[in-house]
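Coordinates as given in input.cif (mmCIF, C-alpha atoms):
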data_protein
loop_
_atom_site.label_atom_id
_atom_site.label_comp_id
_atom_site.auth_asym_id
_atom_site.auth_seq_id
_atom_site.Cartn_x
_atom_site.Cartn_y
_atom_site.Cartn_z
CA MET A 1 0.00 0.00 0.00
CA GLU A 2 3.02 2.27 -0.12
CA ASN A 3 1.77 4.15 -3.21
CA ASN A 4 -1.79 4.31 -1.94
CA GLU A 5 -3.61 6.13 0.82
CA ILE A 6 -5.90 4.83 3.53
CA ILE A 7 -9.24 6.62 3.73
CA TYR A 8 -11.53 5.77 6.62
CA GLY A 9 -15.05 6.47 7.87
CA LYS A 10 -18.47 5.79 6.34
CA ASN A 11 -19.13 9.18 4.73
CA PRO A 12 -15.70 9.59 3.07
CA ILE A 13 -15.80 6.07 1.63
CA GLU A 14 -19.38 6.44 0.43
CA SER A 15 -18.39 9.69 -1.30
CA LEU A 16 -15.36 7.97 -2.83
CA LEU A 17 -17.56 5.30 -4.34
CA GLU A 18 -20.16 7.74 -5.62
CA SER A 19 -17.70 10.25 -7.07
CA ASN A 20 -15.73 7.57 -8.95
CA LYS A 21 -12.78 9.98 -9.11
CA ARG A 22 -10.16 7.75 -7.48
CA THR A 23 -9.27 4.09 -7.81
CA ILE A 24 -10.33 2.07 -4.77
CA ASN A 25 -8.16 -1.02 -4.46
CA LYS A 26 -9.80 -2.66 -1.49
CA ILE A 27 -12.24 -1.96 1.34
CA PHE A 28 -11.55 -3.25 4.84
CA LEU A 29 -14.37 -4.03 7.25
CA ALA A 30 -13.84 -4.72 10.94
CA LYS A 31 -15.04 -8.19 11.87
CA GLY A 32 -18.30 -8.01 13.77
CA ILE A 33 -19.23 -4.55 12.50
CA LYS A 34 -22.93 -3.73 12.62
CA PHE A 35 -24.38 -3.70 9.09
CA ASP A 36 -26.39 -0.48 9.14
CA SER A 37 -27.92 0.99 5.97
CA LYS A 38 -24.81 2.99 5.09
CA ILE A 39 -22.42 0.05 5.44
CA GLN A 40 -24.81 -2.08 3.40
CA LYS A 41 -24.94 0.56 0.68
CA ILE A 42 -21.14 0.80 0.59
CA ILE A 43 -20.79 -2.96 0.24
CA GLU A 44 -23.38 -3.12 -2.53
CA ILE A 45 -21.73 -0.32 -4.55
CA ALA A 46 -18.26 -1.82 -4.01
CA LYS A 47 -19.30 -5.30 -5.14
CA SER A 48 -21.15 -3.95 -8.18
CA ASN A 49 -17.89 -2.27 -9.21
CA GLY A 50 -15.76 -5.33 -8.58
CA ILE A 51 -14.01 -3.89 -5.53
CA ILE A 52 -12.78 -6.41 -2.98
CA VAL A 53 -14.36 -6.11 0.48
CA GLN A 54 -12.26 -7.85 3.12
CA ASP A 55 -13.12 -8.60 6.75
CA VAL A 56 -10.15 -7.85 9.03
CA PRO A 57 -9.59 -7.78 12.79
CA ARG A 58 -10.44 -4.42 14.32
CA GLU A 59 -6.83 -4.22 15.52
CA LYS A 60 -5.67 -4.03 11.91
CA LEU A 61 -7.99 -1.12 11.20
CA ASP A 62 -6.74 0.61 14.35
CA SER A 63 -3.18 0.31 13.03
CA ILE A 64 -3.80 1.50 9.45
CA ALA A 65 -6.53 4.07 10.15
CA PRO A 66 -5.80 6.12 13.25
CA GLY A 67 -8.82 8.00 14.49
CA SER A 68 -12.52 7.25 14.41
CA HIS A 69 -12.63 4.84 11.47
CA GLN A 70 -16.16 3.55 12.28
CA GLY A 71 -15.05 0.03 11.43
CA ILE A 72 -14.34 0.70 7.75
CA ALA A 73 -11.35 1.81 5.69
CA ALA A 74 -10.25 1.73 2.06
CA SER A 75 -6.97 1.59 0.18
CA VAL A 76 -7.19 4.20 -2.59
CA SER A 77 -5.01 5.95 -5.14
CA PRO A 78 -3.62 9.35 -4.08
CA ILE A 79 -5.85 12.36 -4.69
CA GLU A 80 -5.32 14.27 -7.92
CA TYR A 81 -5.35 18.02 -7.47
CA ILE A 82 -7.12 20.11 -10.10
CA ASP A 83 -4.94 22.12 -12.48
CA PHE A 84 -5.35 25.83 -11.71
CA ASP A 85 -5.60 26.99 -15.33
CA ASP A 86 -8.20 24.32 -16.12
CA PHE A 87 -10.13 25.33 -13.00
CA LEU A 88 -10.05 28.98 -14.03
CA ASP A 89 -11.20 28.16 -17.56
CA ASN A 90 -14.19 26.26 -16.17
CA ILE A 91 -15.14 29.19 -13.96
CA LYS A 92 -14.92 31.64 -16.86
CA VAL A 93 -17.61 29.81 -18.82
CA SER A 94 -20.00 29.94 -15.87
CA HIS A 95 -22.59 32.73 -15.86
CA GLU A 96 -23.00 32.65 -12.10
CA GLN A 97 -21.01 34.56 -9.52
CA SER A 98 -18.07 32.50 -8.32
CA LEU A 99 -16.67 31.94 -4.85
CA VAL A 100 -13.16 30.59 -4.35
CA ILE A 101 -11.54 29.96 -0.98
CA ILE A 102 -7.79 30.52 -0.66
CA LEU A 103 -6.03 29.04 2.37
CA ASP A 104 -2.71 30.71 3.12
CA GLY A 105 -0.84 28.28 5.35
CA VAL A 106 -3.61 26.31 7.07
CA GLU A 107 -1.69 23.38 8.55
CA ASP A 108 -4.25 21.68 10.79
CA PRO A 109 -5.97 18.85 8.87
CA TYR A 110 -9.15 19.08 10.97
CA ASN A 111 -9.50 22.78 10.18
CA PHE A 112 -8.83 22.11 6.49
CA GLY A 113 -11.38 19.32 6.36
CA SER A 114 -13.99 21.43 8.14
CA ILE A 115 -13.44 24.31 5.70
CA ILE A 116 -13.81 21.95 2.74
CA ARG A 117 -17.11 20.70 4.16
CA THR A 118 -18.44 24.23 4.69
CA ALA A 119 -17.27 25.43 1.27
CA PHE A 120 -18.91 22.48 -0.48
CA ALA A 121 -22.16 22.91 1.44
CA ALA A 122 -22.19 26.61 0.53
CA GLY A 123 -21.69 25.93 -3.18
CA ALA A 124 -18.16 27.34 -3.47
CA ASN A 125 -16.34 26.61 -6.73
CA GLY A 126 -13.14 25.33 -5.16
CA ILE A 127 -10.31 25.74 -2.66
CA ILE A 128 -6.77 26.85 -3.45
CA ILE A 129 -3.86 25.80 -1.23
CA PRO A 130 -0.09 26.28 -1.53
CA LYS A 131 2.26 23.35 -2.03
CA ARG A 132 4.34 24.49 0.95
CA ARG A 133 3.32 25.55 4.46
CA SER A 134 -0.04 23.83 4.16
CA THR A 135 -1.52 20.45 4.96
CA PRO A 136 -2.27 18.42 1.83
CA VAL A 137 -5.44 16.39 1.49
CA THR A 138 -4.87 13.46 3.85
CA ALA A 139 -7.13 10.76 5.27
CA THR A 140 -7.73 12.98 8.31
CA VAL A 141 -8.71 15.88 6.06
CA GLU A 142 -11.10 13.68 4.12
CA LYS A 143 -12.66 12.33 7.30
CA ALA A 144 -13.11 15.85 8.70
CA SER A 145 -14.68 16.96 5.42
CA ALA A 146 -17.27 14.15 5.68
CA GLY A 147 -16.54 13.16 2.10
CA ALA A 148 -16.75 16.68 0.62
CA ALA A 149 -13.08 16.52 -0.39
CA GLN A 150 -14.10 14.05 -3.10
CA ASN A 151 -16.57 16.48 -4.66
CA LEU A 152 -15.09 19.96 -4.31
CA PRO A 153 -12.23 20.96 -6.65
CA ILE A 154 -9.01 21.44 -4.66
CA ILE A 155 -6.17 23.22 -6.41
CA GLN A 156 -2.58 23.11 -5.20
CA VAL A 157 -0.42 25.97 -6.49
CA THR A 158 3.26 26.83 -6.20
CA ASN A 159 2.65 30.54 -5.61
CA ILE A 160 -0.54 31.94 -4.09
CA ASN A 161 0.24 35.50 -5.19
CA SER A 162 0.52 34.44 -8.83
CA ALA A 163 -2.80 32.61 -8.50
CA ILE A 164 -4.40 35.73 -7.02
CA GLU A 165 -3.16 37.84 -9.93
CA LYS A 166 -4.69 35.40 -12.41
CA LEU A 167 -7.96 35.49 -10.47
CA LYS A 168 -7.93 39.29 -10.67
CA GLU A 169 -7.44 39.06 -14.43
CA ALA A 170 -10.52 36.82 -14.46
CA ASN A 171 -12.57 39.60 -12.78
CA PHE A 172 -12.28 38.37 -9.19
CA TRP A 173 -12.11 40.61 -6.14
CA ILE A 174 -9.87 39.37 -3.33
CA VAL A 175 -11.14 39.59 0.25
CA GLY A 176 -8.69 38.80 3.04
CA ALA A 177 -9.85 37.92 6.55
CA GLU A 178 -7.60 39.45 9.19
CA GLY A 179 -8.08 40.86 12.68
CA SER A 180 -6.44 44.11 11.59
CA GLY A 181 -9.01 44.71 8.85
CA ASP A 182 -10.44 48.20 8.41
CA LYS A 183 -13.95 46.92 7.60
CA TYR A 184 -16.23 44.33 9.11
CA TYR A 185 -16.88 41.31 6.89
CA PHE A 186 -20.60 42.16 6.59
CA ASP A 187 -19.84 45.68 5.32
CA ILE A 188 -18.59 44.32 1.99
CA ASN A 189 -20.99 43.86 -0.92
CA TYR A 190 -20.26 40.36 -2.24
CA ASP A 191 -22.18 40.93 -5.46
CA MET A 192 -19.05 39.99 -7.40
CA ASN A 193 -16.74 37.12 -8.21
CA CYS A 194 -15.04 36.69 -4.87
CA ALA A 195 -11.93 34.94 -3.59
CA LEU A 196 -11.88 34.71 0.20
CA VAL A 197 -8.39 34.44 1.71
CA LEU A 198 -7.95 32.86 5.14
CA GLY A 199 -4.64 32.66 6.97
CA GLY A 200 -3.03 29.86 8.92
CA GLU A 201 -3.50 29.07 12.58
CA GLY A 202 -1.85 31.68 14.76
CA LYS A 203 -0.08 33.33 11.81
CA GLY A 204 -2.82 34.83 9.71
CA ILE A 205 -2.36 35.92 6.13
CA SER A 206 1.24 36.52 5.08
CA GLN A 207 2.22 40.13 4.45
CA LEU A 208 2.85 39.58 0.74
CA VAL A 209 -0.52 37.89 0.20
CA LYS A 210 -2.20 40.63 2.21
CA LYS A 211 -0.81 43.23 -0.19
CA HIS A 212 -2.55 41.46 -3.05
CA CYS A 213 -5.98 41.65 -1.37
CA ASP A 214 -8.50 44.26 -2.50
CA PHE A 215 -10.19 44.29 0.92
CA ILE A 216 -9.05 43.30 4.40
CA VAL A 217 -12.01 42.55 6.64
CA LYS A 218 -12.48 41.43 10.22
CA ILE A 219 -15.05 39.68 12.37
CA PRO A 220 -16.20 41.76 15.38
CA MET A 221 -14.84 40.48 18.70
CA PRO A 222 -16.67 42.31 21.51
CA GLY A 223 -15.93 39.49 23.94
CA LYS A 224 -12.77 38.62 25.85
CA ILE A 225 -11.11 36.68 23.05
CA ASN A 226 -9.46 38.30 20.05
CA SER A 227 -9.46 35.52 17.46
CA LEU A 228 -11.45 32.57 16.16
CA ASN A 229 -10.49 29.13 14.92
CA VAL A 230 -9.88 29.51 11.16
CA ALA A 231 -12.58 26.93 10.36
CA ASN A 232 -15.13 28.87 12.43
CA ALA A 233 -14.10 32.15 10.81
CA ALA A 234 -14.44 30.54 7.39
CA SER A 235 -17.99 29.38 8.17
CA ILE A 236 -19.06 32.82 9.34
CA MET A 237 -17.69 34.62 6.30
CA ILE A 238 -18.68 32.07 3.67
CA TYR A 239 -22.28 32.11 4.85
CA GLU A 240 -22.41 35.90 4.87
CA ILE A 241 -21.56 35.71 1.17
CA VAL A 242 -24.28 33.08 0.69
CA ARG A 243 -26.79 35.16 2.69
CA GLN A 244 -26.18 38.30 0.63
CA ARG A 245 -26.45 36.47 -2.67
CA MET A 246 -29.60 34.62 -1.68
CA THR A 247 -31.20 37.84 -0.41
CA LYS A 248 -30.43 39.55 -3.70
CA ALA A 249 -31.83 36.62 -5.68
CA VAL A 250 -35.10 36.70 -3.72
CA LYS A 251 -35.46 40.47 -4.18
CA SER A 252 -34.88 40.20 -7.91
CA VAL A 253 -37.74 37.71 -8.37
#

Using the file provided, produce a representation of the structure as structure tokens.
Amino acid sequence: MENNEIIYGKNPIESLLESNKRTINKIFLAKGIKFDSKIQKIIEIAKSNGIIVQDVPREKLDSIAPGSHQGIAASVSPIEYIDFDDFLDNIKVSHEQSLVIILDGVEDPYNFGSIIRTAFAAGANGIIIPKRRSTPVTATVEKASAGAAQNLPIIQVTNINSAIEKLKEANFWIVGAEGSGDKYYFDINYDMNCALVLGGEGKGISQLVKKHCDFIVKIPMPGKINSLNVANAASIMIYEIVRQRMTKAVKSV
């Protein structure tokens, strides 16, 4: 399995099977696992696609799938990141307003997975991450995303600033989330193609990336804490964008 990855948990594996985007070599089931409707569905899809389903001792799953594996894991081919230029071309042909999330140095896989899940639920077009100073898509990320990592385009770029410049050329406005922002996040009109930039845990957005942002916004903190978990901040801001766009759509009817 050295060239493969282990993905675990019911939702991620179900999404893997339904997306058909990665090769699943084998599915491992813990002996004695309760066959609920989701497990039964996974087994049926796997067998219809000729994928081996193997019963193994729970101890084996514990060793290959650290974390809450729910009694199921799969050996799969590594994830293929989406090419940035192809992603941008696909967005350009869309007639709807786009939303792209840019993560500048998010290194915690649970935060990354949670952001993927929120972005997918909110209808974002994709997430851009750097090749360095960032967690890649791992089994932990996929588990935290509840399978959304299989369905949302994830783009890995060498240089975030170059990607931002290309987004600007494609008529995107760049909104950075930072505690030092001069506007609150709800004071921006998101009636535009928007790229939302979120910084890494404890570090925030790098100075160079910040210079490429059109707006720097903040979340009000009237309490006794001056920052939020990046995944929580992402949820708040992403759904403000969704709220504004939905409100506009209702008014225009």

task: Evaluate the PyMOL selection byres ((chain A and resi 61-64) around 12) on the structure here and hand back the selected residues as number ranges by chain.
output: A: 1-2, 4-9, 27-31, 33, 54-60, 65-75, 139

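For the set A:Leu228, A:Ala148, A:Ala234, A:Ile101, the residue with the smallest atom-to-atom gap to Ile164 (chain A) is A:Ile101, counting all atoms listed in the file.
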
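If you apply the PyMOL selection byres ((chain A and resi 156) around 6) to this structure, you end up with A:Ile128, A:Ile129, A:Pro130, A:Lys131, A:Ile155, A:Val157.
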
query: Hey, what's within 10 Å of Asp108 (chain A) if we count all atoms listed in the file and toss same-chain stuff fewer than 4 positions away? As a ChimeraX atom specification, please?
result: /A:112-113,134-136,140-141,200-201,230-231

query: Which one is closest to Ile52 (chain A): A:Gly123, A:Pro78, A:Gln40, A:Ile24? Count all atoms listed in the file.
result: A:Ile24

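The space between CA of Lys41 (chain A) and CA of Ser145 (chain A) spans 19.9 Å.
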
message: When you look at Asn232 (chain A) with a cut-off of 10 Å (counting only C-alpha atoms), what residues show up, excluding the ones that are within fewer than 3 positions of it in the same chain? I need them as an NGL selection string.
response: :A and (111 or 114-115 or 118 or 228-229 or 235-238)

message: On this structure, the PyMOL selection byres ((chain A and resi 49) around 12) would catch which residues? List them as a PyMOL selection string, sorted by chain and number.
response: chain A and resi 17-18+20+23-27+42-48+50-53

field: Pick from A:Val242, A:Val76, A:Ile188, A:Ile102, whichever lies nearest to Pro12 (chain A) using all atoms listed in the file
entry: A:Val76

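Nearest to Arg133 (chain A) of all the residues A:Leu196, A:Ile79, A:Ile205, A:Val93 is A:Ile205, based on only C-alpha atoms.
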
message: At a cut-off of 10 Å, using all atoms listed in the file, what residues contact Ala170 (chain A)? Leave out same-chain residues fewer than 5 positions from it and give the result as number ranges by chain.
response: A: 88-89, 91-92, 164-165, 193

field: Residue nearest Arg117 (chain A) among A:Asn11, A:Ser206, A:Gly32, A:Asp182 (counting only C-alpha atoms)
entry: A:Asn11

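Taking CA of Asp104 (chain A) as the reference point, CA of Val197 (chain A) is found at 6.9 Å.
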
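Pairwise distance (CA of Ala149 (chain A), CA of Ser19 (chain A)) equals 10.3 Å.
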
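Closest approach to Ala119 (chain A) from the set A:Lys183, A:Leu103, A:Val250, A:Arg132 is made by A:Leu103, with distances taken over all atoms listed in the file.
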